[in-house]
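Report on the following structure.
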Amino acid sequence: MTGVGGGSLMTPLLVLVFGFHPATAVGTDLLYASATKAVGTAVHGAGGTVDWKVVRRLAIGSVPATLVTLLALAALGTHLESTGRVISLTLGVALIATAVAIFFRRRIVEYFTNDRPPRPERQVAALTIVLGAVLGVLVSLSSVGAGALGMTVLLILYPRLPTNRLVGSDIAHAVPLTLIAGAGHWVLGSIDFVLLGSLLLGSVPGIVVGSLVATRVPDRVLRPVLAGTLAIVGGKLVL
């Protein structure tokens, strides 16, 4: 219905409504996301709307950061109460940041791009790698952040690239990121495969229904509702 941010509700709903341990919710959602993002990448790749240079830069930062985060989780123990609290806190903060990115994206991008000289290519490359590293940590801990947050920063760093190429690049980067993070959670024992199957079975009719509804509900109504919901849920997880 919104094109961005809806997936951010998956993990908090699994934790708050269905009572799954935060680590299980995050790990299962990551594998689910890797499957659905792979389909999106195939579509964007076939349409030529993936900038592989951007994907490569993001991956240079995200893959090492993801591995380090997974090693830290392994050392701490994913199902300890303290680890669950860290994951819940990270998830809550990521959701609130996502809500801000969804609601104020246009203003944020305009503030950082209007009447400003183009950044040197080397600086853009370095900042893209840093963005990838931040997303690697956030996604490994919360399964949230690669969509709305990543896209907002990419729009700032690459104002001259068509939006559809940035969207395609963001989705393509999410495939290795979520797959590696999800596989790491699998090794750590925080995957519920019955839940994973249920999510995949529900996603197809959900996409169909959402697409039909989206044509009838204006975007100016959907985005504030989604942003508000994410902010409330994020606040509940933080507190």
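Ligands are numbered from 1 in the order shown, chains are lettered A, B, ... in the order of the structure tokens, and residues start at 1 in each chain.
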May I have a table of the residues of region 6-57 of chain A lying at most 8 Å from region 70-93 of chain A, giving each one's closest pair of atoms and their distance in Å to one decimal, counting only C-alpha atoms, ordered by chain and ascending residue number, as a Markdown table?
```
| residue | atom | partner | partner_atom | distance |
| --- | --- | --- | --- | --- |
| A:Pro12 | CA | A:Leu91 | CA | 7.7 |
| A:His21 | CA | A:Gly84 | CA | 7.0 |
| A:Pro22 | CA | A:Gly84 | CA | 5.6 |
| A:Ala23 | CA | A:Thr78 | CA | 6.0 |
```
Find the residues of region 77-185 of chain A that sit at most 10 Å from region 201-223 of chain A; for each, write down the nearest two atoms and how far apart they are in Å, to one decimal. Count only C-alpha atoms. Sort by chain, then by number going up, and give it as a Markdown table.
```
| residue | atom | partner | partner_atom | distance |
| --- | --- | --- | --- | --- |
| A:Ala99 | CA | A:Arg223 | CA | 9.1 |
| A:Ile102 | CA | A:Arg223 | CA | 6.9 |
| A:Phe103 | CA | A:Arg223 | CA | 6.6 |
```
Output all heavy atoms for every residue in the selection just made, as a PDB file, in the first residue's frame.
```
ATOM      1  N   ALA A  99       9.820   6.193  10.999  1.00  0.00           N
ATOM      2  CA  ALA A  99       8.619   7.033  10.955  1.00  0.00           C
ATOM      3  C   ALA A  99       8.969   8.459  10.545  1.00  0.00           C
ATOM      4  O   ALA A  99       8.278   9.075   9.720  1.00  0.00           O
ATOM      5  CB  ALA A  99       7.926   7.027  12.322  1.00  0.00           C
ATOM      6  N   ILE A 102       9.849   8.521   6.830  1.00  0.00           N
ATOM      7  CA  ILE A 102       8.676   8.405   5.963  1.00  0.00           C
ATOM      8  C   ILE A 102       7.903   9.725   5.901  1.00  0.00           C
ATOM      9  O   ILE A 102       7.536  10.202   4.836  1.00  0.00           O
ATOM     10  CB  ILE A 102       7.749   7.272   6.454  1.00  0.00           C
ATOM     11  CG1 ILE A 102       8.412   5.914   6.227  1.00  0.00           C
ATOM     12  CG2 ILE A 102       6.390   7.319   5.735  1.00  0.00           C
ATOM     13  CD1 ILE A 102       7.643   4.762   6.837  1.00  0.00           C
ATOM     14  N   PHE A 103       7.689  10.321   7.066  1.00  0.00           N
ATOM     15  CA  PHE A 103       6.828  11.501   7.145  1.00  0.00           C
ATOM     16  C   PHE A 103       7.520  12.759   6.626  1.00  0.00           C
ATOM     17  O   PHE A 103       6.894  13.595   5.966  1.00  0.00           O
ATOM     18  CB  PHE A 103       6.380  11.713   8.597  1.00  0.00           C
ATOM     19  CG  PHE A 103       5.191  12.613   8.723  1.00  0.00           C
ATOM     20  CD1 PHE A 103       3.917  12.166   8.400  1.00  0.00           C
ATOM     21  CD2 PHE A 103       5.334  13.925   9.155  1.00  0.00           C
ATOM     22  CE1 PHE A 103       2.815  12.996   8.507  1.00  0.00           C
ATOM     23  CE2 PHE A 103       4.237  14.766   9.263  1.00  0.00           C
ATOM     24  CZ  PHE A 103       2.972  14.300   8.942  1.00  0.00           C
TER      25      PHE A 103
END
```
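Take CA of Ala33 (chain A) and CA of Val124 (chain A): the distance between them is 27.4 Å.
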Once you count only C-alpha atoms, what closest atom pair and distance in Å to one decimal does each residue of region 96-213 of chain A within 7 Å of region 48-60 of chain A have, with rows by chain and rising residue number, as CSV?
```
residue,atom,partner,partner_atom,distance
A:Ala125,CA,A:Arg57,CA,6.6
A:Thr128,CA,A:Leu58,CA,5.8
A:Ile129,CA,A:Leu58,CA,5.1
A:Leu131,CA,A:Leu58,CA,6.8
A:Gly132,CA,A:Leu58,CA,4.3
A:Asn164,CA,A:Thr49,CA,6.1
A:Arg165,CA,A:Thr49,CA,4.4
A:Gly168,CA,A:Val50,CA,4.7
A:Ser169,CA,A:Val50,CA,4.7
A:Ala172,CA,A:Val55,CA,6.8
A:His173,CA,A:Val55,CA,5.2
```
Just list as a VMD selection string whatever in region 3-172 of chain A DSSP marks as alpha helix (DSSP H). chain A and resid 10 to 16 22 to 46 52 to 76 81 to 113 121 to 142 148 to 157 163 to 172
Ranking A:Val109, A:Leu166, A:Val194, A:Ala25 by minimum distance to Ser142 (chain A) and counting only C-alpha atoms, which one comes first?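 Smallest separation from Ser142 (chain A) among the options: A:Ala25.
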Quick check, in Å to one decimal: how far apart do CA of Leu13 (chain A) and CA of Lys236 (chain A) lie?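 Rounded to one decimal, the two atoms are 11.5 Å apart.
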Counting only C-alpha atoms, figure out which residue out of A:Leu179, A:Leu149, A:Leu138, A:Leu200 gets nearest to Ala65 (chain A).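 When distances to Ala65 (chain A) are compared using only C-alpha atoms, the smallest one comes from A:Leu138.
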Could you check the closest approach to Ala133 (chain A) for each of A:Thr36, A:Leu177, A:Leu199, A:Arg160 and tell me which residue wins, using only C-alpha atoms? A:Leu177
Select, from A:Asn114, A:Thr28, A:Ser8, A:Ser34, the residue with the minimum atom-to-atom distance to Thr178 (chain A), counting only C-alpha atoms.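 Of all the options, A:Ser34 lies closest to Thr178 (chain A).
Closest approach to Gly145 (chain A) from the set A:Ala42, A:Val63, A:Leu196, A:Leu30 is made by A:Leu30, with distances taken over only C-alpha atoms.
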So what do you get for CA of Ala146 (chain A) versus CA of Leu230 (chain A), distance-wise? 15.0 Å
Find the spatial neighbours of Leu31 (chain A), counting only C-alpha atoms, within a cut-off of 10 Å - ignore same-chain residues fewer than 5 positions away - and output them as an NGL selection string. :A and (26 or 36-37 or 143 or 175 or 178-186 or 191 or 193 or 196)
Go ahead and dump the residues you just picked, N, CA and C atoms, as an mmCIF file, in the first residue's frame.
```cif
data_model
loop_
_atom_site.group_PDB
_atom_site.id
_atom_site.type_symbol
_atom_site.label_atom_id
_atom_site.label_comp_id
_atom_site.auth_asym_id
_atom_site.auth_seq_id
_atom_site.Cartn_x
_atom_site.Cartn_y
_atom_site.Cartn_z
ATOM 1 N N VAL A 26 13.228 -11.225 14.699
ATOM 2 C CA VAL A 26 14.178 -10.561 13.803
ATOM 3 C C VAL A 26 14.750 -11.552 12.797
ATOM 4 N N THR A 36 11.557 -12.264 -0.413
ATOM 5 C CA THR A 36 10.704 -11.311 -1.126
ATOM 6 C C THR A 36 11.538 -10.264 -1.867
ATOM 7 N N LYS A 37 12.659 -9.847 -1.276
ATOM 8 C CA LYS A 37 13.518 -8.851 -1.934
ATOM 9 C C LYS A 37 14.179 -9.433 -3.186
ATOM 10 N N SER A 143 16.105 -5.975 11.994
ATOM 11 C CA SER A 143 15.512 -6.253 10.678
ATOM 12 C C SER A 143 14.836 -5.023 10.082
ATOM 13 N N VAL A 175 19.051 -7.772 -0.501
ATOM 14 C CA VAL A 175 19.067 -9.239 -0.651
ATOM 15 C C VAL A 175 20.268 -9.861 0.065
ATOM 16 N N THR A 178 20.022 -9.024 4.032
ATOM 17 C CA THR A 178 19.064 -9.809 4.820
ATOM 18 C C THR A 178 19.383 -11.304 4.779
ATOM 19 N N LEU A 179 19.936 -11.775 3.661
ATOM 20 C CA LEU A 179 20.278 -13.198 3.563
ATOM 21 C C LEU A 179 21.413 -13.565 4.516
ATOM 22 N N ILE A 180 22.456 -12.743 4.530
ATOM 23 C CA ILE A 180 23.586 -13.009 5.431
ATOM 24 C C ILE A 180 23.149 -12.886 6.886
ATOM 25 N N ALA A 181 22.415 -11.824 7.197
ATOM 26 C CA ALA A 181 21.942 -11.630 8.567
ATOM 27 C C ALA A 181 20.986 -12.753 8.974
ATOM 28 N N GLY A 182 20.075 -13.129 8.048
ATOM 29 C CA GLY A 182 19.141 -14.207 8.348
ATOM 30 C C GLY A 182 19.842 -15.538 8.529
ATOM 31 N N ALA A 183 20.838 -15.825 7.668
ATOM 32 C CA ALA A 183 21.603 -17.064 7.803
ATOM 33 C C ALA A 183 22.358 -17.091 9.132
ATOM 34 N N GLY A 184 22.867 -15.927 9.532
ATOM 35 C CA GLY A 184 23.544 -15.851 10.831
ATOM 36 C C GLY A 184 22.607 -16.155 11.979
ATOM 37 N N HIS A 185 21.400 -15.617 11.914
ATOM 38 C CA HIS A 185 20.414 -15.909 12.953
ATOM 39 C C HIS A 185 20.009 -17.388 12.914
ATOM 40 N N TRP A 186 20.000 -17.987 11.717
ATOM 41 C CA TRP A 186 19.709 -19.416 11.586
ATOM 42 C C TRP A 186 20.760 -20.231 12.342
ATOM 43 N N ILE A 191 15.549 -18.913 14.333
ATOM 44 C CA ILE A 191 14.633 -18.935 13.190
ATOM 45 C C ILE A 191 13.489 -19.889 13.496
ATOM 46 N N PHE A 193 10.812 -21.789 11.462
ATOM 47 C CA PHE A 193 10.511 -22.078 10.058
ATOM 48 C C PHE A 193 9.008 -22.229 9.807
ATOM 49 N N LEU A 196 8.073 -18.723 9.353
ATOM 50 C CA LEU A 196 8.579 -18.263 8.061
ATOM 51 C C LEU A 196 7.655 -18.713 6.932
#
```
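Using only C-alpha atoms, the nearest neighbour of Tyr32 (chain A) within the list A:Thr229, A:Thr113, A:Ser62, A:Ser198 is A:Ser198.
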